[in-house]
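K.L.:
Before we start, here is the structure in question, set down as structure tokens.
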Amino acid sequence: MAHDRIFFRLGMILYTLTLASLGAGEAVAQELKCFILTPPEQILAGVRQVAIADFTVTSRHEIQPKPSGKKNIDKVLDTIERVAVSGKEDKPQPFADAGKKLADLLIASMVEADRGIRSVGSGFLGMKRKEGRSFQAGARTNVFVVVERQRMDQLLEELKLGQSGLVDESQAAQVGRLLGVDAIVTGQINAAVKESWEAETRTTTKGSGKNKTEEKKEVWCNKRIATVSATIRIVNVETGQLFGTREASSKQELKHCEDERSTEMAPADQTVDLCLQTIAKELIDYFMPRFQQQKFEFAKIEGKEFKRPADAARESIDGYDLHSAFINYSAILEQDPYNHAAIFNLGVLHEVVGNYALAVEKYRTAASLVSREEKYRKALQRVEKQRLYWDELKGLGLELKEYDFSFTEKQASSTLSRRIRINGQGSERIPLYEKPDDSSKVLVRVPGGVELETASTAGEWYQVKLLDGRLAWIHEQEVEEVD
């Protein structure tokens, strides 16, 4: 049965691959994955300069000693001894540097211009990786000027806060004004790490058949649970009021058993650091814009006469050449002004680059031609939402630059012209005529295998462009069309 399931799954994979390969040459709908800038939950309107203070830290690290196999009375005595010793020791606070680490993580994220952009998967099961792209000119995530840590530390030293290095909410506005910033971020961290030992039973089998025996062995496993939460408060320096506050938390669990060959667990600080990285991402998303991946689907172009420009547009989109794709779809509209799919695809290209007003215009036109097409209506709703997003992002000083898709008439006409290949070998010479008539004057004789661009057709004749710019005619029996 297990083998049957394996062969069935392999068969389904091969079947899917076959379908993918068969569909590769067909005019199926094209998709484009790219990244669009989205606003944060809390817009810090009017803010240009921000300072990040170290977070205050409250922490504990509980370590249960590994059982030693001693009798109960010995365990009690050991516990009393540990408590007595721990009371005399002046132990430093565990994970005391977590507040500085979280502040540094936030600062590092704030200076990234393309935060959120990453490589994207495409192709069968997403195994092919492509570079992540955004086509929105003027979109960026580093919208604030962040105060350098050295400058912050120097001011805290002057204010006699250098020893603690911390700024509480009551001091935030004062410190922010002295730094000359518009907003200051403060916060606190609660970190708890608990390490304990648990016994696990391992069963091993020896021999076989009637000589088969089972042997059980008990091993000790060190288990660690780290729970970290953090709260940020963003203070308006001018008014002393809060812009907003947000809490985030993360939990990491690790386990290492004595019978494992791998090295022992990493120090507890590193486990806390993993939690801080997760928390930093969630907190930064609260007040900083980020790029998010979005999938745009183009409409399928129908009609054999449009196969060449439609295929060219597909290849251009796959290669991130949006301008060439725009020219090809526009060329289709030159021949068929009511081609709703081409109109819609122009709208998609406008939306991808951030030309939202033009995208709305194209989507509405396409929807008016095919009112039942749900894809068109959803696209219109989506782009209207993006327009509202950018109204919010303007509060952060961001402005999209309109992308210029202009092109020449020659570029558009060349995309629609078909190409033909002269039949025969290179050693042969095929006559091309002045008129679509083999009794007319022969203008030139062209070797077999040469490809030429067509200018027009007349019955069974193709008019082609010669290398010197002249036009000549050749009968369809002497050529084959090039896809």
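Going by the structure tokens order, chains are called A, B, ..., each with residues numbered from 1, while ligands are numbered from 1 in the order shown.
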Excluding Glu480 (chain A) and residues on its chain fewer than 3 positions from it, collect all residues at most 8 Å away from it, counting only C-alpha atoms, and give them as a list in words.
P.N.:
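So, after excluding close chain neighbours, the residues are Ile420, Arg421, Ile422, Asn423, Glu476 and Gln477 of chain A.
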K.L.:
Mind dumping the selected residues with C-alpha atoms as a JSON list (two decimals), in the first residue's frame?
P.N.:
```
[["chain", "number", "residue", "atom", "x", "y", "z"],
["A", 420, "ILE", "CA", 7.89, 35.24, -42.23],
["A", 421, "ARG", "CA", 10.76, 32.93, -43.14],
["A", 422, "ILE", "CA", 11.72, 32.31, -46.76],
["A", 423, "ASN", "CA", 11.52, 28.61, -47.66],
["A", 476, "GLU", "CA", 2.60, 32.61, -49.38],
["A", 477, "GLN", "CA", 3.79, 29.31, -50.90]]
```
K.L.:
Among region 356-435 of chain A, which ones does DSSP place in helix (DSSP H, G or I), written as a PyMOL selection string?
P.N.:
chain A and resi 356-369+374-396+409-416
K.L.:
For the contact check between region 31-54 of chain A and region 291-303 of chain A, emit one row per residue of region 31-54 of chain A within 10 Å, containing the shortest atom pair and the distance in Å rounded to one decimal, counting only C-alpha atoms, chain then rising number order, as CSV.
P.N.:
```
residue,atom,partner,partner_atom,distance
A:Glu31,CA,A:Glu297,CA,4.5
A:Leu32,CA,A:Phe296,CA,5.1
A:Lys33,CA,A:Lys295,CA,4.5
A:Cys34,CA,A:Gln293,CA,5.6
A:Phe35,CA,A:Gln293,CA,4.3
A:Ile36,CA,A:Phe291,CA,5.3
A:Leu37,CA,A:Phe291,CA,4.4
A:Thr38,CA,A:Phe291,CA,6.0
A:Pro39,CA,A:Phe291,CA,8.9
```
K.L.:
Next, dump the selected residues to file, keeping only all heavy atoms, as an mmCIF file, in the first residue's frame.
P.N.:
```
data_model
loop_
_atom_site.group_PDB
_atom_site.id
_atom_site.type_symbol
_atom_site.label_atom_id
_atom_site.label_comp_id
_atom_site.auth_asym_id
_atom_site.auth_seq_id
_atom_site.Cartn_x
_atom_site.Cartn_y
_atom_site.Cartn_z
ATOM 1 N N GLU A 31 0.758 36.063 -14.827
ATOM 2 C CA GLU A 31 0.785 36.590 -13.462
ATOM 3 C C GLU A 31 2.099 37.317 -13.220
ATOM 4 O O GLU A 31 3.124 36.985 -13.810
ATOM 5 C CB GLU A 31 0.634 35.459 -12.434
ATOM 6 C CG GLU A 31 -0.751 34.839 -12.407
ATOM 7 C CD GLU A 31 -0.859 33.754 -11.336
ATOM 8 O OE1 GLU A 31 0.198 33.413 -10.740
ATOM 9 O OE2 GLU A 31 -1.958 33.256 -11.100
ATOM 10 N N LEU A 32 2.036 38.311 -12.358
ATOM 11 C CA LEU A 32 3.223 39.054 -11.968
ATOM 12 C C LEU A 32 3.203 39.229 -10.456
ATOM 13 O O LEU A 32 2.234 39.736 -9.894
ATOM 14 C CB LEU A 32 3.254 40.430 -12.646
ATOM 15 C CG LEU A 32 4.349 41.384 -12.177
ATOM 16 C CD1 LEU A 32 5.732 40.852 -12.557
ATOM 17 C CD2 LEU A 32 4.139 42.779 -12.758
ATOM 18 N N LYS A 33 4.284 38.772 -9.813
ATOM 19 C CA LYS A 33 4.427 38.981 -8.373
ATOM 20 C C LYS A 33 5.389 40.135 -8.142
ATOM 21 O O LYS A 33 6.532 40.095 -8.606
ATOM 22 C CB LYS A 33 4.959 37.717 -7.700
ATOM 23 C CG LYS A 33 3.980 36.561 -7.668
ATOM 24 C CD LYS A 33 4.597 35.347 -6.981
ATOM 25 C CE LYS A 33 3.634 34.165 -6.950
ATOM 26 N NZ LYS A 33 4.253 32.975 -6.304
ATOM 27 N N CYS A 34 4.923 41.142 -7.438
ATOM 28 C CA CYS A 34 5.794 42.271 -7.116
ATOM 29 C C CYS A 34 5.365 42.841 -5.768
ATOM 30 O O CYS A 34 4.405 42.374 -5.151
ATOM 31 C CB CYS A 34 5.756 43.341 -8.200
ATOM 32 S SG CYS A 34 4.136 44.081 -8.444
ATOM 33 N N PHE A 35 6.088 43.849 -5.307
ATOM 34 C CA PHE A 35 5.865 44.367 -3.966
ATOM 35 C C PHE A 35 5.296 45.785 -4.013
ATOM 36 O O PHE A 35 5.773 46.629 -4.768
ATOM 37 C CB PHE A 35 7.169 44.335 -3.166
ATOM 38 C CG PHE A 35 7.595 42.944 -2.803
ATOM 39 C CD1 PHE A 35 8.302 42.158 -3.704
ATOM 40 C CD2 PHE A 35 7.256 42.400 -1.579
ATOM 41 C CE1 PHE A 35 8.676 40.867 -3.395
ATOM 42 C CE2 PHE A 35 7.622 41.109 -1.250
ATOM 43 C CZ PHE A 35 8.330 40.337 -2.148
ATOM 44 N N ILE A 36 4.266 45.989 -3.206
ATOM 45 C CA ILE A 36 3.553 47.260 -3.133
ATOM 46 C C ILE A 36 3.732 47.851 -1.741
ATOM 47 O O ILE A 36 3.639 47.130 -0.741
ATOM 48 C CB ILE A 36 2.048 47.055 -3.420
ATOM 49 C CG1 ILE A 36 1.860 46.363 -4.777
ATOM 50 C CG2 ILE A 36 1.303 48.377 -3.370
ATOM 51 C CD1 ILE A 36 2.360 47.153 -5.961
ATOM 52 N N LEU A 37 4.002 49.143 -1.666
ATOM 53 C CA LEU A 37 4.183 49.786 -0.361
ATOM 54 C C LEU A 37 2.836 49.949 0.331
ATOM 55 O O LEU A 37 1.870 50.431 -0.269
ATOM 56 C CB LEU A 37 4.847 51.152 -0.534
ATOM 57 C CG LEU A 37 5.346 51.799 0.763
ATOM 58 C CD1 LEU A 37 6.504 51.013 1.361
ATOM 59 C CD2 LEU A 37 5.770 53.248 0.518
ATOM 60 N N THR A 38 2.762 49.533 1.598
ATOM 61 C CA THR A 38 1.534 49.659 2.374
ATOM 62 C C THR A 38 1.813 50.464 3.636
ATOM 63 O O THR A 38 2.908 50.399 4.198
ATOM 64 C CB THR A 38 0.976 48.281 2.772
ATOM 65 O OG1 THR A 38 1.978 47.560 3.495
ATOM 66 C CG2 THR A 38 0.600 47.481 1.547
ATOM 67 N N PRO A 39 0.840 51.233 4.089
ATOM 68 C CA PRO A 39 1.058 52.094 5.259
ATOM 69 C C PRO A 39 1.003 51.301 6.556
ATOM 70 O O PRO A 39 0.443 50.201 6.605
ATOM 71 C CB PRO A 39 -0.110 53.085 5.178
ATOM 72 C CG PRO A 39 -1.189 52.324 4.486
ATOM 73 C CD PRO A 39 -0.503 51.411 3.511
#
```
K.L.:
What is the CA of Ser119 (chain A) to CA of Lys281 (chain A) distance in Å?
P.N.:
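Calculated distance between CA of Ser119 (chain A) and CA of Lys281 (chain A) is 18.2 Å.
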K.L.:
As an MDAnalysis selection string, please: every residue in region 202-424 of chain A that a backbone DSSP assignment puts in strand (DSSP E).
P.N.:
chainID A and resid 202:206 213:236 242:257 290:297 419:422
K.L.:
Compile the contact shell of Gln270 (chain A) as a PDB file with all heavy atoms, in the first residue's frame: residues with an atom at most 12 Å away, counting only C-alpha atoms, same-chain residues fewer than 2 positions apart removed.
P.N.:
```pdb
ATOM      1  N   PHE A  95      19.839  38.931  31.065  1.00  0.00           N
ATOM      2  CA  PHE A  95      19.405  39.544  29.809  1.00  0.00           C
ATOM      3  C   PHE A  95      19.254  41.065  29.922  1.00  0.00           C
ATOM      4  O   PHE A  95      18.369  41.678  29.328  1.00  0.00           O
ATOM      5  CB  PHE A  95      18.085  38.924  29.323  1.00  0.00           C
ATOM      6  CG  PHE A  95      17.980  37.452  29.571  1.00  0.00           C
ATOM      7  CD1 PHE A  95      16.981  36.932  30.395  1.00  0.00           C
ATOM      8  CD2 PHE A  95      18.895  36.569  29.023  1.00  0.00           C
ATOM      9  CE1 PHE A  95      16.887  35.585  30.637  1.00  0.00           C
ATOM     10  CE2 PHE A  95      18.806  35.204  29.260  1.00  0.00           C
ATOM     11  CZ  PHE A  95      17.802  34.704  30.074  1.00  0.00           C
ATOM     12  N   ASP A  97      20.955  43.362  28.681  1.00  0.00           N
ATOM     13  CA  ASP A  97      21.202  44.095  27.446  1.00  0.00           C
ATOM     14  C   ASP A  97      20.088  43.924  26.414  1.00  0.00           C
ATOM     15  O   ASP A  97      20.195  44.408  25.283  1.00  0.00           O
ATOM     16  CB  ASP A  97      22.535  43.665  26.834  1.00  0.00           C
ATOM     17  CG  ASP A  97      22.570  42.169  26.502  1.00  0.00           C
ATOM     18  OD1 ASP A  97      21.651  41.445  26.952  1.00  0.00           O
ATOM     19  OD2 ASP A  97      23.516  41.737  25.821  1.00  0.00           O
ATOM     20  N   ALA A  98      19.006  43.241  26.791  1.00  0.00           N
ATOM     21  CA  ALA A  98      17.898  43.020  25.849  1.00  0.00           C
ATOM     22  C   ALA A  98      17.269  44.342  25.416  1.00  0.00           C
ATOM     23  O   ALA A  98      16.831  44.495  24.267  1.00  0.00           O
ATOM     24  CB  ALA A  98      16.839  42.115  26.478  1.00  0.00           C
ATOM     25  N   LYS A 101      19.451  45.818  22.759  1.00  0.00           N
ATOM     26  CA  LYS A 101      19.377  44.998  21.542  1.00  0.00           C
ATOM     27  C   LYS A 101      18.092  45.277  20.762  1.00  0.00           C
ATOM     28  O   LYS A 101      18.109  45.398  19.532  1.00  0.00           O
ATOM     29  CB  LYS A 101      19.459  43.517  21.908  1.00  0.00           C
ATOM     30  CG  LYS A 101      20.841  43.048  22.332  1.00  0.00           C
ATOM     31  CD  LYS A 101      20.829  41.568  22.662  1.00  0.00           C
ATOM     32  CE  LYS A 101      22.225  41.060  23.023  1.00  0.00           C
ATOM     33  NZ  LYS A 101      22.203  39.617  23.378  1.00  0.00           N
ATOM     34  N   VAL A 193      12.933  33.131  31.167  1.00  0.00           N
ATOM     35  CA  VAL A 193      13.471  31.881  30.613  1.00  0.00           C
ATOM     36  C   VAL A 193      13.460  30.832  31.712  1.00  0.00           C
ATOM     37  O   VAL A 193      13.969  31.072  32.818  1.00  0.00           O
ATOM     38  CB  VAL A 193      14.901  32.069  30.076  1.00  0.00           C
ATOM     39  CG1 VAL A 193      15.461  30.732  29.596  1.00  0.00           C
ATOM     40  CG2 VAL A 193      14.922  33.089  28.940  1.00  0.00           C
ATOM     41  N   ARG A 224      14.100  24.107  27.440  1.00  0.00           N
ATOM     42  CA  ARG A 224      14.123  25.561  27.698  1.00  0.00           C
ATOM     43  C   ARG A 224      12.909  26.222  27.058  1.00  0.00           C
ATOM     44  O   ARG A 224      12.590  25.974  25.904  1.00  0.00           O
ATOM     45  CB  ARG A 224      15.389  26.193  27.124  1.00  0.00           C
ATOM     46  CG  ARG A 224      15.436  27.725  27.275  1.00  0.00           C
ATOM     47  CD  ARG A 224      16.616  28.313  26.539  1.00  0.00           C
ATOM     48  NE  ARG A 224      17.862  27.851  27.125  1.00  0.00           N
ATOM     49  CZ  ARG A 224      19.024  27.827  26.461  1.00  0.00           C
ATOM     50  NH1 ARG A 224      19.074  28.214  25.207  1.00  0.00           N
ATOM     51  NH2 ARG A 224      20.124  27.408  27.058  1.00  0.00           N
ATOM     52  N   ALA A 226      11.535  30.107  26.510  1.00  0.00           N
ATOM     53  CA  ALA A 226      11.795  31.547  26.628  1.00  0.00           C
ATOM     54  C   ALA A 226      10.548  32.304  26.178  1.00  0.00           C
ATOM     55  O   ALA A 226      10.044  32.092  25.075  1.00  0.00           O
ATOM     56  CB  ALA A 226      12.992  31.951  25.779  1.00  0.00           C
ATOM     57  N   GLN A 252       9.932  30.930  22.405  1.00  0.00           N
ATOM     58  CA  GLN A 252      10.838  29.965  21.795  1.00  0.00           C
ATOM     59  C   GLN A 252      11.003  28.773  22.738  1.00  0.00           C
ATOM     60  O   GLN A 252      11.185  28.960  23.941  1.00  0.00           O
ATOM     61  CB  GLN A 252      12.213  30.583  21.536  1.00  0.00           C
ATOM     62  CG  GLN A 252      12.237  31.649  20.458  1.00  0.00           C
ATOM     63  CD  GLN A 252      12.211  31.064  19.062  1.00  0.00           C
ATOM     64  OE1 GLN A 252      12.635  29.931  18.846  1.00  0.00           O
ATOM     65  NE2 GLN A 252      11.716  31.842  18.102  1.00  0.00           N
ATOM     66  N   LEU A 254      13.150  25.062  23.191  1.00  0.00           N
ATOM     67  CA  LEU A 254      14.251  24.223  22.744  1.00  0.00           C
ATOM     68  C   LEU A 254      14.370  23.009  23.655  1.00  0.00           C
ATOM     69  O   LEU A 254      13.982  23.069  24.834  1.00  0.00           O
ATOM     70  CB  LEU A 254      15.578  24.988  22.743  1.00  0.00           C
ATOM     71  CG  LEU A 254      15.803  26.056  21.671  1.00  0.00           C
ATOM     72  CD1 LEU A 254      15.170  27.365  22.092  1.00  0.00           C
ATOM     73  CD2 LEU A 254      17.293  26.261  21.437  1.00  0.00           C
ATOM     74  N   MET A 265      22.682  22.908  23.737  1.00  0.00           N
ATOM     75  CA  MET A 265      21.894  24.072  23.372  1.00  0.00           C
ATOM     76  C   MET A 265      22.725  25.347  23.438  1.00  0.00           C
ATOM     77  O   MET A 265      23.643  25.465  24.251  1.00  0.00           O
ATOM     78  CB  MET A 265      20.685  24.210  24.299  1.00  0.00           C
ATOM     79  CG  MET A 265      19.557  23.245  23.991  1.00  0.00           C
ATOM     80  SD  MET A 265      18.018  23.698  24.816  1.00  0.00           S
ATOM     81  CE  MET A 265      18.475  23.559  26.539  1.00  0.00           C
ATOM     82  N   ALA A 266      22.342  26.300  22.589  1.00  0.00           N
ATOM     83  CA  ALA A 266      23.006  27.601  22.598  1.00  0.00           C
ATOM     84  C   ALA A 266      22.699  28.303  23.916  1.00  0.00           C
ATOM     85  O   ALA A 266      21.728  27.960  24.610  1.00  0.00           O
ATOM     86  CB  ALA A 266      22.509  28.431  21.425  1.00  0.00           C
ATOM     87  N   PRO A 267      23.504  29.299  24.308  1.00  0.00           N
ATOM     88  CA  PRO A 267      23.232  30.030  25.545  1.00  0.00           C
ATOM     89  C   PRO A 267      21.835  30.639  25.551  1.00  0.00           C
ATOM     90  O   PRO A 267      21.265  30.926  24.498  1.00  0.00           O
ATOM     91  CB  PRO A 267      24.315  31.124  25.546  1.00  0.00           C
ATOM     92  CG  PRO A 267      25.407  30.572  24.705  1.00  0.00           C
ATOM     93  CD  PRO A 267      24.723  29.758  23.645  1.00  0.00           C
ATOM     94  N   ALA A 268      21.306  30.853  26.727  1.00  0.00           N
ATOM     95  CA  ALA A 268      19.948  31.381  26.861  1.00  0.00           C
ATOM     96  C   ALA A 268      19.808  32.757  26.220  1.00  0.00           C
ATOM     97  O   ALA A 268      18.743  33.105  25.695  1.00  0.00           O
ATOM     98  CB  ALA A 268      19.567  31.442  28.338  1.00  0.00           C
ATOM     99  N   VAL A 272      16.750  34.277  23.730  1.00  0.00           N
ATOM    100  CA  VAL A 272      16.053  35.554  23.932  1.00  0.00           C
ATOM    101  C   VAL A 272      16.205  36.434  22.699  1.00  0.00           C
ATOM    102  O   VAL A 272      15.266  37.121  22.280  1.00  0.00           O
ATOM    103  CB  VAL A 272      16.576  36.267  25.194  1.00  0.00           C
ATOM    104  CG1 VAL A 272      15.998  37.670  25.310  1.00  0.00           C
ATOM    105  CG2 VAL A 272      16.237  35.460  26.437  1.00  0.00           C
ATOM    106  N   ASP A 273      17.389  36.411  22.092  1.00  0.00           N
ATOM    107  CA  ASP A 273      17.629  37.222  20.894  1.00  0.00           C
ATOM    108  C   ASP A 273      16.676  36.837  19.760  1.00  0.00           C
ATOM    109  O   ASP A 273      16.205  37.702  19.000  1.00  0.00           O
ATOM    110  CB  ASP A 273      19.070  37.069  20.416  1.00  0.00           C
ATOM    111  CG  ASP A 273      20.070  37.735  21.353  1.00  0.00           C
ATOM    112  OD1 ASP A 273      19.625  38.505  22.245  1.00  0.00           O
ATOM    113  OD2 ASP A 273      21.283  37.495  21.206  1.00  0.00           O
ATOM    114  N   LEU A 274      16.402  35.531  19.618  1.00  0.00           N
ATOM    115  CA  LEU A 274      15.460  35.091  18.590  1.00  0.00           C
ATOM    116  C   LEU A 274      14.076  35.682  18.828  1.00  0.00           C
ATOM    117  O   LEU A 274      13.386  36.100  17.897  1.00  0.00           O
ATOM    118  CB  LEU A 274      15.384  33.563  18.557  1.00  0.00           C
ATOM    119  CG  LEU A 274      16.634  32.824  18.067  1.00  0.00           C
ATOM    120  CD1 LEU A 274      16.446  31.316  18.214  1.00  0.00           C
ATOM    121  CD2 LEU A 274      16.924  33.174  16.612  1.00  0.00           C
ATOM    122  N   CYS A 275      13.687  35.721  20.092  1.00  0.00           N
ATOM    123  CA  CYS A 275      12.396  36.328  20.443  1.00  0.00           C
ATOM    124  C   CYS A 275      12.392  37.818  20.107  1.00  0.00           C
ATOM    125  O   CYS A 275      11.413  38.347  19.571  1.00  0.00           O
ATOM    126  CB  CYS A 275      12.101  36.131  21.927  1.00  0.00           C
ATOM    127  SG  CYS A 275      11.823  34.414  22.428  1.00  0.00           S
ATOM    128  N   LEU A 276      13.493  38.497  20.396  1.00  0.00           N
ATOM    129  CA  LEU A 276      13.578  39.937  20.138  1.00  0.00           C
ATOM    130  C   LEU A 276      13.466  40.238  18.643  1.00  0.00           C
ATOM    131  O   LEU A 276      12.863  41.239  18.247  1.00  0.00           O
ATOM    132  CB  LEU A 276      14.884  40.494  20.688  1.00  0.00           C
ATOM    133  CG  LEU A 276      15.039  40.485  22.210  1.00  0.00           C
ATOM    134  CD1 LEU A 276      16.432  40.978  22.604  1.00  0.00           C
ATOM    135  CD2 LEU A 276      13.970  41.345  22.879  1.00  0.00           C
ATOM    136  N   GLN A 277      14.044  39.377  17.795  1.00  0.00           N
ATOM    137  CA  GLN A 277      13.970  39.597  16.349  1.00  0.00           C
ATOM    138  C   GLN A 277      12.529  39.526  15.860  1.00  0.00           C
ATOM    139  O   GLN A 277      12.098  40.351  15.036  1.00  0.00           O
ATOM    140  CB  GLN A 277      14.832  38.567  15.632  1.00  0.00           C
ATOM    141  CG  GLN A 277      16.320  38.754  15.843  1.00  0.00           C
ATOM    142  CD  GLN A 277      17.136  37.591  15.323  1.00  0.00           C
ATOM    143  OE1 GLN A 277      16.660  36.789  14.522  1.00  0.00           O
ATOM    144  NE2 GLN A 277      18.370  37.464  15.792  1.00  0.00           N
TER     145      GLN A 277
END
```
K.L.:
Choose the residue, out of A:Ala51, A:Leu471, A:Ile317, A:Leu102, that has the smallest atom-to-atom separation from Gln30 (chain A); count only C-alpha atoms.
P.N.:
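Under the stated criterion, the closest residue is A:Ile317.
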K.L.:
Can you list, as a ChimeraX atom specification, every protein, DNA or RNA residue that comes within 12 Å of region 204-217 of chain A when you count only C-alpha atoms, leaving out same-chain residues fewer than 5 positions away?
P.N.:
/A:199,258-259
K.L.:
Using only C-alpha atoms, what table do you get, as CSV, when you list each residue of region 204-236 of chain A with an atom no more than 10 Å from region 242-249 of chain A, its nearest pair of atoms, and their distance in Å rounded to one decimal, rows by chain then rising number?
P.N.:
```
residue,atom,partner,partner_atom,distance
A:Thr227,CA,A:Ser249,CA,7.5
A:Val228,CA,A:Ser249,CA,5.6
A:Ser229,CA,A:Ser249,CA,4.0
A:Ala230,CA,A:Ala248,CA,5.5
A:Thr231,CA,A:Glu247,CA,4.2
A:Ile232,CA,A:Thr245,CA,5.5
A:Arg233,CA,A:Thr245,CA,4.6
A:Ile234,CA,A:Phe243,CA,5.4
A:Val235,CA,A:Leu242,CA,4.5
A:Asn236,CA,A:Leu242,CA,5.8
```
K.L.:
Name the residues in contact with Lys385 (chain A) at a cut-off of 12 Å, using only C-alpha atoms, excluding same-chain residues fewer than 6 positions from it; report them as an mmCIF file with N, CA and C atoms, in the first residue's frame.
P.N.:
```cif
data_model
loop_
_atom_site.group_PDB
_atom_site.id
_atom_site.type_symbol
_atom_site.label_atom_id
_atom_site.label_comp_id
_atom_site.auth_asym_id
_atom_site.auth_seq_id
_atom_site.Cartn_x
_atom_site.Cartn_y
_atom_site.Cartn_z
ATOM 1 N N THR A 38 2.762 49.533 1.598
ATOM 2 C CA THR A 38 1.534 49.659 2.374
ATOM 3 C C THR A 38 1.813 50.464 3.636
ATOM 4 N N PRO A 39 0.840 51.233 4.089
ATOM 5 C CA PRO A 39 1.058 52.094 5.259
ATOM 6 C C PRO A 39 1.003 51.301 6.556
ATOM 7 N N GLU A 351 -1.429 50.058 -12.557
ATOM 8 C CA GLU A 351 -1.542 49.840 -11.111
ATOM 9 C C GLU A 351 -0.217 49.404 -10.514
ATOM 10 N N TYR A 356 -2.333 55.172 -10.341
ATOM 11 C CA TYR A 356 -3.636 54.675 -9.906
ATOM 12 C C TYR A 356 -4.806 55.328 -10.632
ATOM 13 N N ALA A 357 -4.718 56.616 -10.927
ATOM 14 C CA ALA A 357 -5.818 57.276 -11.626
ATOM 15 C C ALA A 357 -6.001 56.673 -13.018
ATOM 16 N N VAL A 360 -7.550 53.139 -12.733
ATOM 17 C CA VAL A 360 -9.002 53.199 -12.515
ATOM 18 C C VAL A 360 -9.722 53.412 -13.838
ATOM 19 N N LYS A 378 -13.177 43.325 -9.294
ATOM 20 C CA LYS A 378 -12.296 43.188 -8.134
ATOM 21 C C LYS A 378 -11.048 44.054 -8.284
ATOM 22 N N ALA A 379 -10.537 44.149 -9.501
ATOM 23 C CA ALA A 379 -9.359 44.989 -9.737
ATOM 24 C C ALA A 379 -9.685 46.452 -9.463
ATOM 25 N N ASP A 391 -3.035 58.090 0.050
ATOM 26 C CA ASP A 391 -3.449 59.326 0.725
ATOM 27 C C ASP A 391 -2.902 59.345 2.151
ATOM 28 N N GLU A 392 -2.866 58.151 2.787
ATOM 29 C CA GLU A 392 -2.306 58.059 4.139
ATOM 30 C C GLU A 392 -0.788 58.198 4.112
#
```
K.L.:
Point out the residue among A:Val145, A:Ala96, A:Cys221, A:Leu105 with the least atom-to-atom distance to Asp269 (chain A), counting only C-alpha atoms.
P.N.:
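Residue with the minimum atom-to-atom distance to Asp269 (chain A): A:Ala96.
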K.L.:
Between A:Pro40, A:Ser330, A:Leu322, A:Ile184, which one has atoms that come closest to Ser134 (chain A), using only C-alpha atoms?
P.N.:
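The shortest atom-to-atom distance to Ser134 (chain A) comes from A:Leu322.
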